[in-house]
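Here is the structure we will look at, set down as structure tokens.
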Amino acid sequence: MFTQSEENYLKAIFHLQQQTDDGVSTSSISAHLDTKAASVTEMVKRLAEKKLVDYQKYYGVQLTETGKEHALAVVRKHRLWESFLVDRLHFNWDEVHEVAEQLEHIKSIKLVEELDKFLGRPAYDPHGDPIPDAHGNMPEVPKKKLSQLRKGDRGTCKGFNDASSSFLKYLAKQQIGLGTAVEVVNIEKFDESMTVRIEDEEVQLSKTATDNIYVDQ
């Protein structure tokens, strides 16, 4: 059994590892969790003692196979609870992250399995993120960003790198969600902001926004 804090660290390291081929720096963990660097170093050492991470100073942190297994279990619970909150309790997609952060620490394996079965074994959560199965396997997700498209290109929104409430509310205002079809109308050379067409409306998106939207062509 692990503490909530240990599970939060394992999940954070897992997410950060998806963005790099190298070890995850303690500074990036600190920024991700909004905690002090000294606290991160202390926790990483504790996780290393439990054989959940490999840690070498100056080379960063990587999950061991055991650590990855536990991290995926937490990610699985988080994304299943988000799916339940949106699909069954009709929460808005920007309301569920913090609630799921609490529910992901429930220990009952049977409850998680029954939840998965009750939901029809979804492959993706409401934000387009893949849900690990009971064995830690996940479907592939598109990794092409909207910002990589060129003028005249079309794509369909399949996921979002930023799942914060503020970003999801922003997307909702722009009428952008999973499955939204977009066409690139124009790209500004100055700041790489983008004008996209959604149905019959044109929407202006910043480079920050288009970097956080994944599309399938």
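Naming scheme: A, B, ... for chains in displayed order of the structure tokens; residues 1 onward per chain; ligands 1 onward as shown.
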Backbone DSSP call of alpha helix (DSSP H) for stretch 59-186 of chain A, listed as number ranges by chain: A: 65-87, 96-103, 109-118, 165-173
Neighbour list for A:Asp133 as a ChimeraX atom specification, cut-off 10 Å, only C-alpha atoms, skip fewer than 5 positions in-chain: /A:72-73,76-77,113,116,121-123,138-139
Polymer residues at most 12 Å from stretch 172-179 of chain A, only C-alpha atoms, same-chain spacing of 2 or more positions, as a PyMOL selection string: chain A and resi 92-94+124-129+155-160+163+165-170+181-182+195-206+209-210+213-217
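Atom CA of A:Val185 to atom CA of A:Gly152 spans 6.0 Å [interatomic distance, one decimal].
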For the contact check between stretch 22-60 of chain A and stretch 10-13 of chain A, emit one row per residue of stretch 22-60 of chain A within 10 Å, containing the shortest atom pair and the distance in Å rounded to one decimal, counting only C-alpha atoms, chain then rising number order, as a tab-separated table.
```
residue	atom	partner	partner_atom	distance
A:Gly23	CA	A:Ile13	CA	9.4
A:Val24	CA	A:Ile13	CA	6.9
A:Ser25	CA	A:Ile13	CA	9.3
A:Thr26	CA	A:Ile13	CA	9.5
A:Ser28	CA	A:Ile13	CA	9.1
A:Ile29	CA	A:Ala12	CA	6.8
A:Ser30	CA	A:Ala12	CA	9.7
A:His32	CA	A:Ala12	CA	7.0
A:Leu33	CA	A:Ala12	CA	7.4
A:Val44	CA	A:Leu10	CA	9.4
A:Leu47	CA	A:Leu10	CA	8.5
A:Leu52	CA	A:Leu10	CA	8.1
A:Val53	CA	A:Leu10	CA	8.5
```
Using the selection just defined, write its residues with N, CA and C atoms as a compact mmCIF listing (two decimals), in the first residue's frame.
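Listed below is the output, result.txt:
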```txt
# COMPACT_ATOMS: atom_id res chain seq x y z
N GLY A 23 15.54 11.04 -18.39
CA GLY A 23 14.99 11.03 -17.04
C GLY A 23 14.23 12.31 -16.75
N VAL A 24 13.29 12.24 -15.84
CA VAL A 24 12.49 13.39 -15.45
C VAL A 24 13.24 14.16 -14.37
N SER A 25 13.43 15.44 -14.57
CA SER A 25 14.16 16.25 -13.58
C SER A 25 13.31 16.50 -12.35
N THR A 26 13.99 16.65 -11.22
CA THR A 26 13.27 16.96 -9.99
C THR A 26 12.62 18.34 -10.08
N SER A 28 11.22 19.64 -12.75
CA SER A 28 9.96 19.51 -13.49
C SER A 28 8.88 18.86 -12.63
N ILE A 29 9.29 17.93 -11.76
CA ILE A 29 8.33 17.33 -10.82
C ILE A 29 7.84 18.39 -9.84
N SER A 30 8.77 19.21 -9.37
CA SER A 30 8.43 20.30 -8.45
C SER A 30 7.42 21.25 -9.07
N HIS A 32 5.40 20.59 -11.65
CA HIS A 32 4.16 19.87 -11.96
C HIS A 32 3.27 19.75 -10.73
N LEU A 33 3.88 19.49 -9.59
CA LEU A 33 3.12 19.29 -8.36
C LEU A 33 3.02 20.56 -7.51
N VAL A 44 11.51 11.43 -3.80
CA VAL A 44 12.13 10.60 -4.84
C VAL A 44 13.07 9.57 -4.21
N LEU A 47 10.91 6.84 -2.79
CA LEU A 47 10.40 5.96 -3.84
C LEU A 47 11.50 5.05 -4.39
N LEU A 52 10.57 1.80 -6.68
CA LEU A 52 9.52 2.30 -7.58
C LEU A 52 10.08 3.24 -8.63
N VAL A 53 11.23 3.85 -8.36
CA VAL A 53 11.89 4.70 -9.34
C VAL A 53 13.39 4.43 -9.32
```
Residues flagged strand (DSSP E or B) by DSSP in stretch 113-187 of chain A, as a PyMOL selection string: chain A and resi 124+130+144-145+154-160+181-187
Just to be explicit: take each residue in the selection above, keep N, CA, C and O atoms, and write the result as an mmCIF file, in the first residue's frame.
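Written file, again-v1.cif:
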```
data_model
loop_
_atom_site.group_PDB
_atom_site.id
_atom_site.type_symbol
_atom_site.label_atom_id
_atom_site.label_comp_id
_atom_site.auth_asym_id
_atom_site.auth_seq_id
_atom_site.Cartn_x
_atom_site.Cartn_y
_atom_site.Cartn_z
ATOM 1 N N TYR A 124 -11.294 5.666 -23.745
ATOM 2 C CA TYR A 124 -10.815 7.044 -23.561
ATOM 3 C C TYR A 124 -11.683 7.764 -22.537
ATOM 4 O O TYR A 124 -12.882 7.481 -22.420
ATOM 5 N N PRO A 130 -6.270 8.165 -23.072
ATOM 6 C CA PRO A 130 -6.513 6.718 -23.056
ATOM 7 C C PRO A 130 -6.606 6.182 -21.635
ATOM 8 O O PRO A 130 -5.890 6.635 -20.739
ATOM 9 N N LYS A 144 -0.337 14.410 -32.995
ATOM 10 C CA LYS A 144 -0.155 15.571 -33.862
ATOM 11 C C LYS A 144 -0.900 16.747 -33.264
ATOM 12 O O LYS A 144 -2.086 16.665 -32.948
ATOM 13 N N LYS A 145 -0.201 17.851 -33.100
ATOM 14 C CA LYS A 145 -0.811 19.035 -32.518
ATOM 15 C C LYS A 145 -1.491 19.867 -33.605
ATOM 16 O O LYS A 145 -1.047 19.879 -34.764
ATOM 17 N N ARG A 154 -7.223 20.150 -42.629
ATOM 18 C CA ARG A 154 -8.379 19.842 -41.782
ATOM 19 C C ARG A 154 -8.005 18.746 -40.799
ATOM 20 O O ARG A 154 -7.145 17.912 -41.082
ATOM 21 N N GLY A 155 -8.669 18.770 -39.668
ATOM 22 C CA GLY A 155 -8.422 17.746 -38.667
ATOM 23 C C GLY A 155 -9.601 17.625 -37.719
ATOM 24 O O GLY A 155 -10.515 18.452 -37.741
ATOM 25 N N THR A 156 -9.554 16.582 -36.903
ATOM 26 C CA THR A 156 -10.596 16.344 -35.901
ATOM 27 C C THR A 156 -9.944 16.303 -34.527
ATOM 28 O O THR A 156 -8.945 15.599 -34.338
ATOM 29 N N CYS A 157 -10.476 17.046 -33.579
ATOM 30 C CA CYS A 157 -9.905 17.109 -32.239
ATOM 31 C C CYS A 157 -10.060 15.755 -31.538
ATOM 32 O O CYS A 157 -11.164 15.228 -31.442
ATOM 33 N N LYS A 158 -8.929 15.220 -31.070
ATOM 34 C CA LYS A 158 -8.943 13.893 -30.455
ATOM 35 C C LYS A 158 -8.457 13.874 -29.011
ATOM 36 O O LYS A 158 -8.568 12.851 -28.335
ATOM 37 N N GLY A 159 -7.915 14.990 -28.543
ATOM 38 C CA GLY A 159 -7.421 15.017 -27.170
ATOM 39 C C GLY A 159 -6.799 16.363 -26.854
ATOM 40 O O GLY A 159 -6.583 17.200 -27.737
ATOM 41 N N PHE A 160 -6.480 16.540 -25.558
ATOM 42 C CA PHE A 160 -5.960 17.827 -25.102
ATOM 43 C C PHE A 160 -4.840 17.590 -24.103
ATOM 44 O O PHE A 160 -5.000 16.826 -23.153
ATOM 45 N N ALA A 181 -14.578 19.055 -35.721
ATOM 46 C CA ALA A 181 -13.830 19.168 -36.974
ATOM 47 C C ALA A 181 -13.372 20.614 -37.155
ATOM 48 O O ALA A 181 -14.155 21.553 -36.977
ATOM 49 N N VAL A 182 -12.103 20.809 -37.481
ATOM 50 C CA VAL A 182 -11.561 22.149 -37.681
ATOM 51 C C VAL A 182 -10.843 22.233 -39.018
ATOM 52 O O VAL A 182 -10.282 21.245 -39.503
ATOM 53 N N GLU A 183 -10.864 23.417 -39.588
ATOM 54 C CA GLU A 183 -10.115 23.701 -40.821
ATOM 55 C C GLU A 183 -9.271 24.935 -40.584
ATOM 56 O O GLU A 183 -9.768 25.958 -40.082
ATOM 57 N N VAL A 184 -7.989 24.855 -40.906
ATOM 58 C CA VAL A 184 -7.088 25.994 -40.701
ATOM 59 C C VAL A 184 -7.309 27.019 -41.809
ATOM 60 O O VAL A 184 -7.088 26.741 -42.986
ATOM 61 N N VAL A 185 -7.756 28.196 -41.419
ATOM 62 C CA VAL A 185 -8.041 29.269 -42.376
ATOM 63 C C VAL A 185 -6.822 30.158 -42.570
ATOM 64 O O VAL A 185 -6.493 30.556 -43.687
ATOM 65 N N ASN A 186 -6.120 30.461 -41.459
ATOM 66 C CA ASN A 186 -4.968 31.356 -41.561
ATOM 67 C C ASN A 186 -4.036 31.154 -40.367
ATOM 68 O O ASN A 186 -4.473 30.771 -39.285
ATOM 69 N N ILE A 187 -2.739 31.389 -40.580
ATOM 70 C CA ILE A 187 -1.748 31.351 -39.509
ATOM 71 C C ILE A 187 -0.960 32.653 -39.539
ATOM 72 O O ILE A 187 -0.375 33.012 -40.573
#
```
Within 10 Å of A:Leu103 using only C-alpha atoms, minus same-chain residues under 4 positions, as a PyMOL selection string: chain A and resi 74+77-78+80-82+97-99+107
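Separating atom CA of A:Arg79 from atom CA of A:Glu140 is a distance of 15.3 Å.
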Residues within 12 Å of A:Met43, only C-alpha atoms, excluding chain neighbours under 2 positions, as a count of residues only: 28
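Distances here use only C-alpha atoms; by that measure, the residue among A:Leu171, A:Val75, A:Leu146, A:Leu119 closest to A:Ala100 is A:Val75.
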